[in-house]
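Chemist: Below is the file my_file-v9.txt, which contains compact mmCIF, N, CA and C atoms.
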# COMPACT_ATOMS: atom_id res chain seq x y z
N MET A 1 -15.90 -2.94 -8.13
CA MET A 1 -15.83 -3.09 -6.69
C MET A 1 -17.05 -2.43 -6.07
N ARG A 2 -17.36 -2.85 -4.89
CA ARG A 2 -18.51 -2.29 -4.18
C ARG A 2 -18.07 -1.11 -3.33
N ILE A 3 -19.05 -0.41 -2.80
CA ILE A 3 -18.79 0.85 -2.11
C ILE A 3 -17.86 0.68 -0.90
N GLY A 4 -18.03 -0.40 -0.14
CA GLY A 4 -17.19 -0.60 1.03
C GLY A 4 -15.73 -0.81 0.66
N GLU A 5 -15.48 -1.55 -0.42
CA GLU A 5 -14.10 -1.77 -0.86
C GLU A 5 -13.49 -0.47 -1.37
N LEU A 6 -14.24 0.30 -2.14
CA LEU A 6 -13.73 1.58 -2.63
C LEU A 6 -13.40 2.50 -1.46
N ALA A 7 -14.28 2.57 -0.50
CA ALA A 7 -14.04 3.43 0.67
C ALA A 7 -12.78 2.99 1.40
N ALA A 8 -12.62 1.69 1.60
CA ALA A 8 -11.43 1.18 2.29
C ALA A 8 -10.16 1.49 1.51
N ARG A 9 -10.18 1.27 0.21
CA ARG A 9 -8.99 1.51 -0.61
C ARG A 9 -8.63 2.98 -0.68
N ALA A 10 -9.62 3.84 -0.58
CA ALA A 10 -9.38 5.28 -0.66
C ALA A 10 -9.17 5.91 0.72
N GLY A 11 -9.38 5.16 1.77
CA GLY A 11 -9.19 5.69 3.12
C GLY A 11 -10.27 6.67 3.52
N THR A 12 -11.51 6.39 3.12
CA THR A 12 -12.62 7.27 3.47
C THR A 12 -13.80 6.41 3.91
N THR A 13 -14.96 7.01 3.99
CA THR A 13 -16.14 6.30 4.45
C THR A 13 -17.15 6.12 3.32
N THR A 14 -18.03 5.18 3.48
CA THR A 14 -19.09 4.99 2.49
C THR A 14 -20.02 6.20 2.49
N ARG A 15 -20.18 6.82 3.64
CA ARG A 15 -21.02 8.02 3.72
C ARG A 15 -20.44 9.12 2.84
N ALA A 16 -19.12 9.31 2.89
CA ALA A 16 -18.48 10.32 2.05
C ALA A 16 -18.68 10.00 0.58
N LEU A 17 -18.57 8.72 0.23
CA LEU A 17 -18.76 8.33 -1.17
C LEU A 17 -20.18 8.63 -1.63
N ARG A 18 -21.15 8.35 -0.79
CA ARG A 18 -22.53 8.65 -1.17
C ARG A 18 -22.73 10.16 -1.33
N TYR A 19 -22.05 10.93 -0.51
CA TYR A 19 -22.12 12.39 -0.63
C TYR A 19 -21.50 12.85 -1.95
N TYR A 20 -20.33 12.32 -2.29
CA TYR A 20 -19.69 12.67 -3.56
C TYR A 20 -20.59 12.28 -4.74
N GLU A 21 -21.26 11.15 -4.59
CA GLU A 21 -22.19 10.71 -5.63
C GLU A 21 -23.34 11.71 -5.76
N SER A 22 -23.87 12.16 -4.64
CA SER A 22 -24.99 13.11 -4.68
C SER A 22 -24.58 14.44 -5.28
N ARG A 23 -23.30 14.77 -5.20
CA ARG A 23 -22.78 16.02 -5.77
C ARG A 23 -22.33 15.84 -7.22
N GLY A 24 -22.47 14.63 -7.75
CA GLY A 24 -22.13 14.38 -9.15
C GLY A 24 -20.66 14.15 -9.42
N LEU A 25 -19.88 13.90 -8.39
CA LEU A 25 -18.44 13.68 -8.57
C LEU A 25 -18.09 12.21 -8.77
N LEU A 26 -18.93 11.32 -8.31
CA LEU A 26 -18.76 9.89 -8.55
C LEU A 26 -20.02 9.39 -9.25
N PRO A 27 -19.86 8.49 -10.21
CA PRO A 27 -21.04 8.00 -10.93
C PRO A 27 -21.91 7.13 -10.03
N ALA A 28 -23.17 7.10 -10.35
CA ALA A 28 -24.14 6.30 -9.59
C ALA A 28 -24.50 5.05 -10.38
N ARG A 29 -23.51 4.21 -10.64
CA ARG A 29 -23.77 2.97 -11.37
C ARG A 29 -24.23 1.89 -10.38
N ARG A 30 -25.13 1.06 -10.85
CA ARG A 30 -25.64 -0.03 -10.01
C ARG A 30 -25.48 -1.35 -10.76
N GLY A 31 -25.10 -2.37 -10.01
CA GLY A 31 -25.02 -3.71 -10.58
C GLY A 31 -26.41 -4.33 -10.66
N GLY A 32 -26.48 -5.53 -11.23
CA GLY A 32 -27.74 -6.25 -11.35
C GLY A 32 -28.40 -6.51 -10.01
N ASN A 33 -27.59 -6.59 -8.96
CA ASN A 33 -28.12 -6.83 -7.62
C ASN A 33 -28.55 -5.55 -6.91
N GLY A 34 -28.38 -4.39 -7.57
CA GLY A 34 -28.78 -3.11 -6.98
C GLY A 34 -27.69 -2.41 -6.20
N TYR A 35 -26.57 -3.09 -6.00
CA TYR A 35 -25.46 -2.47 -5.27
C TYR A 35 -24.71 -1.49 -6.15
N ARG A 36 -24.16 -0.44 -5.52
CA ARG A 36 -23.32 0.50 -6.25
C ARG A 36 -22.06 -0.25 -6.69
N THR A 37 -21.59 0.07 -7.89
CA THR A 37 -20.35 -0.54 -8.38
C THR A 37 -19.40 0.56 -8.84
N TYR A 38 -18.12 0.33 -8.60
CA TYR A 38 -17.08 1.29 -8.94
C TYR A 38 -15.93 0.57 -9.61
N ASP A 39 -15.11 1.35 -10.30
CA ASP A 39 -13.94 0.76 -10.95
C ASP A 39 -12.68 1.55 -10.57
N GLU A 40 -11.57 1.21 -11.19
CA GLU A 40 -10.29 1.85 -10.87
C GLU A 40 -10.31 3.35 -11.21
N GLU A 41 -11.03 3.72 -12.25
CA GLU A 41 -11.14 5.15 -12.60
C GLU A 41 -11.84 5.92 -11.49
N ASP A 42 -12.82 5.30 -10.87
CA ASP A 42 -13.49 5.94 -9.74
C ASP A 42 -12.53 6.12 -8.57
N LEU A 43 -11.68 5.13 -8.36
CA LEU A 43 -10.69 5.22 -7.30
C LEU A 43 -9.71 6.36 -7.58
N ARG A 44 -9.27 6.49 -8.82
CA ARG A 44 -8.37 7.60 -9.20
C ARG A 44 -9.04 8.93 -8.93
N ALA A 45 -10.31 9.06 -9.34
CA ALA A 45 -11.04 10.30 -9.12
C ALA A 45 -11.18 10.59 -7.63
N LEU A 46 -11.50 9.58 -6.87
CA LEU A 46 -11.66 9.75 -5.43
C LEU A 46 -10.35 10.16 -4.77
N ARG A 47 -9.25 9.55 -5.18
CA ARG A 47 -7.95 9.94 -4.63
C ARG A 47 -7.62 11.38 -4.97
N GLN A 48 -7.99 11.81 -6.18
CA GLN A 48 -7.78 13.20 -6.58
C GLN A 48 -8.58 14.14 -5.68
N ILE A 49 -9.84 13.80 -5.45
CA ILE A 49 -10.70 14.60 -4.58
C ILE A 49 -10.10 14.71 -3.19
N ARG A 50 -9.73 13.57 -2.64
CA ARG A 50 -9.20 13.54 -1.26
C ARG A 50 -7.89 14.33 -1.15
N THR A 51 -7.02 14.19 -2.12
CA THR A 51 -5.75 14.92 -2.09
C THR A 51 -5.99 16.42 -2.12
N LEU A 52 -6.85 16.86 -3.00
CA LEU A 52 -7.14 18.29 -3.09
C LEU A 52 -7.81 18.80 -1.81
N GLN A 53 -8.71 18.02 -1.26
CA GLN A 53 -9.35 18.44 -0.01
C GLN A 53 -8.33 18.51 1.13
N ASP A 54 -7.38 17.59 1.14
CA ASP A 54 -6.32 17.65 2.16
C ASP A 54 -5.52 18.94 2.05
N PHE A 55 -5.43 19.50 0.83
CA PHE A 55 -4.70 20.75 0.59
C PHE A 55 -5.57 21.98 0.81
N GLY A 56 -6.84 21.79 1.19
CA GLY A 56 -7.71 22.91 1.50
C GLY A 56 -8.68 23.31 0.41
N PHE A 57 -8.77 22.53 -0.66
CA PHE A 57 -9.73 22.82 -1.71
C PHE A 57 -11.11 22.38 -1.23
N ASP A 58 -12.14 23.18 -1.54
CA ASP A 58 -13.47 22.71 -1.20
C ASP A 58 -13.94 21.74 -2.27
N LEU A 59 -15.00 21.05 -1.97
CA LEU A 59 -15.44 19.96 -2.85
C LEU A 59 -15.73 20.45 -4.27
N GLU A 60 -16.37 21.57 -4.41
CA GLU A 60 -16.69 22.07 -5.75
C GLU A 60 -15.43 22.41 -6.54
N GLU A 61 -14.39 22.84 -5.85
CA GLU A 61 -13.13 23.15 -6.54
C GLU A 61 -12.46 21.91 -7.12
N THR A 62 -12.84 20.74 -6.64
CA THR A 62 -12.25 19.50 -7.16
C THR A 62 -12.88 19.05 -8.47
N ARG A 63 -14.04 19.59 -8.78
CA ARG A 63 -14.80 19.14 -9.96
C ARG A 63 -13.99 19.19 -11.26
N PRO A 64 -13.31 20.29 -11.60
CA PRO A 64 -12.56 20.30 -12.85
C PRO A 64 -11.47 19.22 -12.92
N PHE A 65 -10.89 18.88 -11.80
CA PHE A 65 -9.85 17.85 -11.76
C PHE A 65 -10.46 16.47 -12.05
N VAL A 66 -11.61 16.22 -11.44
CA VAL A 66 -12.32 14.95 -11.66
C VAL A 66 -12.77 14.87 -13.12
N GLU A 67 -13.32 15.95 -13.63
CA GLU A 67 -13.76 15.95 -15.03
C GLU A 67 -12.58 15.74 -15.98
N CYS A 68 -11.43 16.27 -15.64
CA CYS A 68 -10.23 16.09 -16.46
C CYS A 68 -9.83 14.62 -16.48
N LEU A 69 -9.85 13.98 -15.33
CA LEU A 69 -9.56 12.54 -15.28
C LEU A 69 -10.58 11.75 -16.09
N ARG A 70 -11.84 12.08 -15.91
CA ARG A 70 -12.91 11.36 -16.61
C ARG A 70 -12.81 11.54 -18.14
N ALA A 71 -12.20 12.65 -18.56
CA ALA A 71 -12.03 12.89 -20.00
C ALA A 71 -10.87 12.08 -20.57
N GLY A 72 -10.18 11.33 -19.70
CA GLY A 72 -9.12 10.45 -20.18
C GLY A 72 -7.71 10.99 -20.01
N HIS A 73 -7.56 12.12 -19.37
CA HIS A 73 -6.22 12.67 -19.14
C HIS A 73 -5.52 11.89 -18.04
N PRO A 74 -4.20 11.76 -18.16
CA PRO A 74 -3.47 10.97 -17.17
C PRO A 74 -3.45 11.59 -15.77
N GLU A 75 -3.57 12.90 -15.71
CA GLU A 75 -3.59 13.62 -14.43
C GLU A 75 -4.79 14.55 -14.41
N GLY A 76 -5.31 14.78 -13.23
CA GLY A 76 -6.47 15.64 -13.10
C GLY A 76 -6.17 17.11 -13.27
N ASP A 77 -4.90 17.46 -13.26
CA ASP A 77 -4.55 18.87 -13.39
C ASP A 77 -3.94 19.21 -14.74
N SER A 78 -4.19 18.37 -15.74
CA SER A 78 -3.64 18.64 -17.06
C SER A 78 -4.65 19.27 -18.00
N CYS A 79 -5.67 19.90 -17.46
CA CYS A 79 -6.70 20.58 -18.25
C CYS A 79 -6.74 22.06 -17.86
N PRO A 80 -7.11 22.93 -18.79
CA PRO A 80 -7.16 24.36 -18.49
C PRO A 80 -8.04 24.72 -17.29
N ALA A 81 -9.17 24.06 -17.12
CA ALA A 81 -10.06 24.38 -15.99
C ALA A 81 -9.39 24.06 -14.65
N SER A 82 -8.62 22.99 -14.61
CA SER A 82 -7.91 22.63 -13.38
C SER A 82 -6.83 23.67 -13.06
N VAL A 83 -6.11 24.08 -14.09
CA VAL A 83 -5.06 25.09 -13.90
C VAL A 83 -5.68 26.40 -13.42
N ALA A 84 -6.86 26.74 -13.93
CA ALA A 84 -7.56 27.95 -13.47
C ALA A 84 -7.90 27.85 -11.98
N VAL A 85 -8.30 26.67 -11.53
CA VAL A 85 -8.60 26.48 -10.10
C VAL A 85 -7.33 26.64 -9.28
N TYR A 86 -6.22 26.07 -9.77
CA TYR A 86 -4.94 26.26 -9.08
C TYR A 86 -4.61 27.75 -8.95
N ARG A 87 -4.76 28.48 -10.06
CA ARG A 87 -4.45 29.93 -10.03
C ARG A 87 -5.33 30.64 -9.01
N SER A 88 -6.60 30.31 -9.00
CA SER A 88 -7.52 30.93 -8.05
C SER A 88 -7.13 30.60 -6.61
N LYS A 89 -6.76 29.35 -6.36
CA LYS A 89 -6.38 28.93 -5.01
C LYS A 89 -5.10 29.64 -4.56
N VAL A 90 -4.13 29.77 -5.47
CA VAL A 90 -2.89 30.48 -5.14
C VAL A 90 -3.20 31.93 -4.80
N ALA A 91 -4.07 32.57 -5.58
CA ALA A 91 -4.46 33.96 -5.29
C ALA A 91 -5.15 34.06 -3.92
N GLU A 92 -6.01 33.10 -3.64
CA GLU A 92 -6.69 33.07 -2.34
C GLU A 92 -5.68 32.91 -1.20
N LEU A 93 -4.74 32.02 -1.38
CA LEU A 93 -3.71 31.80 -0.35
C LEU A 93 -2.84 33.04 -0.18
N ASP A 94 -2.48 33.70 -1.28
CA ASP A 94 -1.68 34.93 -1.20
C ASP A 94 -2.42 35.99 -0.40
N ALA A 95 -3.73 36.12 -0.63
CA ALA A 95 -4.53 37.09 0.11
C ALA A 95 -4.55 36.75 1.60
N LEU A 96 -4.73 35.47 1.92
CA LEU A 96 -4.74 35.06 3.32
C LEU A 96 -3.39 35.30 3.98
N ILE A 97 -2.33 35.01 3.25
CA ILE A 97 -0.98 35.26 3.79
C ILE A 97 -0.80 36.75 4.07
N GLY A 98 -1.30 37.59 3.16
CA GLY A 98 -1.23 39.03 3.37
C GLY A 98 -1.98 39.46 4.61
N GLU A 99 -3.18 38.93 4.79
CA GLU A 99 -3.98 39.26 5.98
C GLU A 99 -3.28 38.79 7.25
N LEU A 100 -2.76 37.57 7.23
CA LEU A 100 -2.08 37.05 8.41
C LEU A 100 -0.81 37.85 8.72
N THR A 101 -0.11 38.27 7.69
CA THR A 101 1.09 39.08 7.89
C THR A 101 0.73 40.40 8.55
N ALA A 102 -0.34 41.03 8.12
CA ALA A 102 -0.78 42.28 8.72
C ALA A 102 -1.18 42.08 10.18
N VAL A 103 -1.90 41.02 10.47
CA VAL A 103 -2.30 40.74 11.85
C VAL A 103 -1.06 40.48 12.70
N ARG A 104 -0.11 39.72 12.17
CA ARG A 104 1.11 39.43 12.91
C ARG A 104 1.89 40.71 13.22
N GLU A 105 1.95 41.62 12.26
CA GLU A 105 2.64 42.89 12.49
C GLU A 105 1.95 43.70 13.57
N THR A 106 0.63 43.71 13.57
CA THR A 106 -0.12 44.43 14.59
C THR A 106 0.10 43.83 15.96
N VAL A 107 0.00 42.51 16.06
CA VAL A 107 0.21 41.84 17.34
C VAL A 107 1.66 42.03 17.81
N GLY A 108 2.59 41.95 16.88
CA GLY A 108 4.00 42.16 17.23
C GLY A 108 4.23 43.57 17.77
N ALA A 109 3.59 44.56 17.17
CA ALA A 109 3.71 45.94 17.65
C ALA A 109 3.10 46.08 19.04
N GLN A 110 1.97 45.42 19.26
CA GLN A 110 1.35 45.46 20.59
C GLN A 110 2.24 44.80 21.63
N LEU A 111 2.86 43.69 21.25
CA LEU A 111 3.78 43.01 22.16
C LEU A 111 4.95 43.91 22.50
N SER A 112 5.53 44.56 21.51
CA SER A 112 6.65 45.48 21.76
C SER A 112 6.24 46.60 22.69
N ARG A 113 5.06 47.18 22.45
CA ARG A 113 4.57 48.25 23.32
C ARG A 113 4.41 47.75 24.76
N ALA A 114 3.81 46.57 24.91
CA ALA A 114 3.59 46.01 26.25
C ALA A 114 4.92 45.73 26.96
N GLU A 115 5.89 45.20 26.22
CA GLU A 115 7.19 44.92 26.83
C GLU A 115 7.89 46.21 27.25
N ARG A 116 7.78 47.26 26.44
CA ARG A 116 8.38 48.55 26.82
C ARG A 116 7.71 49.09 28.08
N ALA A 117 6.40 48.96 28.17
CA ALA A 117 5.68 49.44 29.36
C ALA A 117 6.11 48.66 30.59
N MET A 118 6.28 47.36 30.47
CA MET A 118 6.72 46.55 31.61
C MET A 118 8.15 46.90 32.00
N ASP A 119 9.01 47.13 31.01
CA ASP A 119 10.39 47.52 31.29
C ASP A 119 10.44 48.86 31.99
N ALA A 120 9.57 49.79 31.58
CA ALA A 120 9.53 51.11 32.23
C ALA A 120 9.12 50.98 33.68
N LEU A 121 8.14 50.12 33.96
CA LEU A 121 7.72 49.90 35.35
C LEU A 121 8.84 49.28 36.16
N ALA A 122 9.53 48.34 35.59
CA ALA A 122 10.63 47.68 36.29
C ALA A 122 11.73 48.68 36.60
N ALA A 123 12.00 49.59 35.67
CA ALA A 123 13.04 50.60 35.88
C ALA A 123 12.66 51.53 37.02
N GLU A 124 11.39 51.74 37.25
CA GLU A 124 10.90 52.58 38.35
C GLU A 124 10.75 51.78 39.63
N ASP A 125 11.12 50.50 39.57
CA ASP A 125 10.99 49.60 40.72
C ASP A 125 9.53 49.42 41.14
N ARG A 126 8.67 49.40 40.16
CA ARG A 126 7.25 49.18 40.43
C ARG A 126 6.85 47.86 39.81
N GLU A 127 5.97 47.18 40.47
CA GLU A 127 5.42 45.93 39.94
C GLU A 127 4.29 46.26 38.98
N PRO A 128 4.23 45.56 37.85
CA PRO A 128 3.08 45.78 36.96
C PRO A 128 1.81 45.32 37.65
N ARG A 129 0.76 46.10 37.55
CA ARG A 129 -0.52 45.74 38.13
C ARG A 129 -1.40 45.18 37.02
N CYS A 130 -1.84 43.97 37.20
CA CYS A 130 -2.70 43.33 36.22
C CYS A 130 -4.14 43.47 36.66
N GLU A 131 -4.96 43.99 35.77
CA GLU A 131 -6.35 44.21 36.11
C GLU A 131 -7.16 42.92 36.16
N LEU A 132 -6.71 41.91 35.46
CA LEU A 132 -7.48 40.67 35.38
C LEU A 132 -6.83 39.58 36.23
N THR A 133 -6.87 39.76 37.53
CA THR A 133 -6.31 38.74 38.42
C THR A 133 -7.40 38.26 39.37
N ASP A 134 -7.12 37.16 40.03
CA ASP A 134 -8.06 36.62 41.01
C ASP A 134 -7.98 37.34 42.35
N GLU A 135 -6.99 38.23 42.50
CA GLU A 135 -6.77 38.90 43.78
C GLU A 135 -7.71 40.05 44.01
N GLU A 136 -8.47 40.46 43.03
CA GLU A 136 -9.33 41.64 43.20
C GLU A 136 -10.59 41.28 43.92
Show the structure stored in the file as structure tokens.

Modeler:
Amino acid sequence: MRIGELAARAGTTTRALRYYESRGLLPARRGGNGYRTYDEEDLRALRQIRTLQDFGFDLEETRPFVECLRAGHPEGDSCPASVAVYRSKVAELDALIGELTAVRETVGAQLSRAERAMDALAAEDREPRCELTDEE
């Protein structure tokens, strides 16, 4: 199939395919007429790339999965290098979750402090004064 058909079947653009080709993820085969040609294996590899990117993997992280498919494995994640990338991604996500949890706890504590301060003002029958208003 030609580049436009592959792009349409994979739900991407010809520009993206040329980029993947330049990065060595798709082969640069040419037909007798000079047009790029692709087959079903290329479509499988491209779908693997797109799926992983949808999950937040960067393009280089998809390489072991594509290489696994190209080696004849039925799935791109049935090779040790692919599993290593999964492990690395899970560790990265765990770290991000930890960071976000810490930020959430800090913001939650600030919110609690602010609500207590507003409640204290209300108990004194005072209106909270906001420094950032248009009335100044």

Chemist: Between CA of Leu121 in chain A and CA of Ala102 in chain A, measure the distance and give it in Å to one decimal.

Modeler: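 These two atoms are separated by 29.0 Å.
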
Chemist: So which one's closest to Leu6 in chain A, A:Ala120, A:Leu43, A:Ile97, A:Ala28? Using only N, CA and C atoms, please.

Modeler: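 Of all the options, A:Leu43 lies closest to Leu6 in chain A.
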
Chemist: Using only the atoms of range 66-82 of chain A listed in the file, plus 6 Å on each side, state the axis-aligned box centre and edge lengths in Å rounded to one decimal, as lines of an AutoDock Vina configuration file.

Modeler:
center_x = -8.6
center_y = 17.6
center_z = -16.0
size_x = 22.3
size_y = 26.3
size_z = 21.1

Chemist: At a cut-off of 6 Å, using all atoms listed in the file, what residues contact range 30-39 of chain A? Leave out same-chain residues fewer than 3 positions from it and give the result as a PDB file with N, CA and C atoms, in the frame of the given file.

Modeler:
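What ended up in out31.pdb:
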ATOM      1  N   MET A   1     -15.900  -2.940  -8.130  1.00  0.00           N
ATOM      2  CA  MET A   1     -15.830  -3.090  -6.690  1.00  0.00           C
ATOM      3  C   MET A   1     -17.050  -2.430  -6.070  1.00  0.00           C
ATOM      4  N   ARG A   2     -17.360  -2.850  -4.890  1.00  0.00           N
ATOM      5  CA  ARG A   2     -18.510  -2.290  -4.180  1.00  0.00           C
ATOM      6  C   ARG A   2     -18.070  -1.110  -3.330  1.00  0.00           C
ATOM      7  N   ILE A   3     -19.050  -0.410  -2.800  1.00  0.00           N
ATOM      8  CA  ILE A   3     -18.790   0.850  -2.110  1.00  0.00           C
ATOM      9  C   ILE A   3     -17.860   0.680  -0.900  1.00  0.00           C
ATOM     10  N   ASP A  42     -12.820   5.300 -10.870  1.00  0.00           N
ATOM     11  CA  ASP A  42     -13.490   5.940  -9.740  1.00  0.00           C
ATOM     12  C   ASP A  42     -12.530   6.120  -8.570  1.00  0.00           C
ATOM     13  N   LEU A  43     -11.680   5.130  -8.360  1.00  0.00           N
ATOM     14  CA  LEU A  43     -10.690   5.220  -7.300  1.00  0.00           C
ATOM     15  C   LEU A  43      -9.710   6.360  -7.580  1.00  0.00           C
TER      16      LEU A  43
END

Chemist: For atom C of Ala8 in chain A and atom N of Arg50 in chain A, determine how far apart the two atoms are, in Å to one decimal place.

Modeler: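 These atoms are spaced 12.8 Å apart.
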
Chemist: What does the distance from CA of Ala91 in chain A to CA of Phe57 in chain A come to in Å, to one decimal?

Modeler: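 Computed distance, CA of Ala91 in chain A to CA of Phe57 in chain A, equals 12.8 Å.
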
Chemist: Skip Glu67 in chain A itself and residues of its chain fewer than 4 positions away, then list as a CSV table (one decimal) with N, CA and C atoms, in the coordinates of the input all residues within 8 Å of it, counting only N, CA and C atoms.

Modeler:
chain,number,residue,atom,x,y,z
A,25,LEU,N,-19.9,13.9,-8.4
A,25,LEU,CA,-18.4,13.7,-8.6
A,25,LEU,C,-18.1,12.2,-8.8
A,45,ALA,N,-10.3,9.1,-9.3
A,45,ALA,CA,-11.0,10.3,-9.1
A,45,ALA,C,-11.2,10.6,-7.6
A,62,THR,N,-12.8,20.7,-6.6
A,62,THR,CA,-12.2,19.5,-7.2
A,62,THR,C,-12.9,19.0,-8.5
A,63,ARG,N,-14.0,19.6,-8.8
A,63,ARG,CA,-14.8,19.1,-10.0
A,63,ARG,C,-14.0,19.2,-11.3
A,71,ALA,N,-12.2,12.6,-18.6
A,71,ALA,CA,-12.0,12.9,-20.0
A,71,ALA,C,-10.9,12.1,-20.6
A,72,GLY,N,-10.2,11.3,-19.7
A,72,GLY,CA,-9.1,10.4,-20.2
A,72,GLY,C,-7.7,11.0,-20.0
A,73,HIS,N,-7.6,12.1,-19.4
A,73,HIS,CA,-6.2,12.7,-19.1
A,73,HIS,C,-5.5,11.9,-18.0
A,76,GLY,N,-5.3,14.8,-13.2
A,76,GLY,CA,-6.5,15.6,-13.1
A,76,GLY,C,-6.2,17.1,-13.3
A,79,CYS,N,-5.7,19.9,-17.5
A,79,CYS,CA,-6.7,20.6,-18.2
A,79,CYS,C,-6.7,22.1,-17.9

Chemist: Give me every helix (DSSP H, G or I) residue in chain A, going by DSSP on the backbone, as a ChimeraX atom specification.

Modeler: /A:3-10,14-22,40-54,59-70,80-123

Chemist: With distances taken over only C-alpha atoms, which of A:Ala10, A:Arg87, A:Glu60, A:Arg47 is nearest to Glu75 in chain A?

Modeler: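 Ranking A:Ala10, A:Arg87, A:Glu60, A:Arg47 by distance to Glu75 in chain A, first place goes to A:Arg47.
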
Chemist: Given the choices A:Leu52, A:Leu46, A:Leu96, A:Val107, which gets closest to Ser82 in chain A if the distance is worked out from only C-alpha atoms?

Modeler: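 Among the listed residues, A:Leu52 lies closest to Ser82 in chain A.
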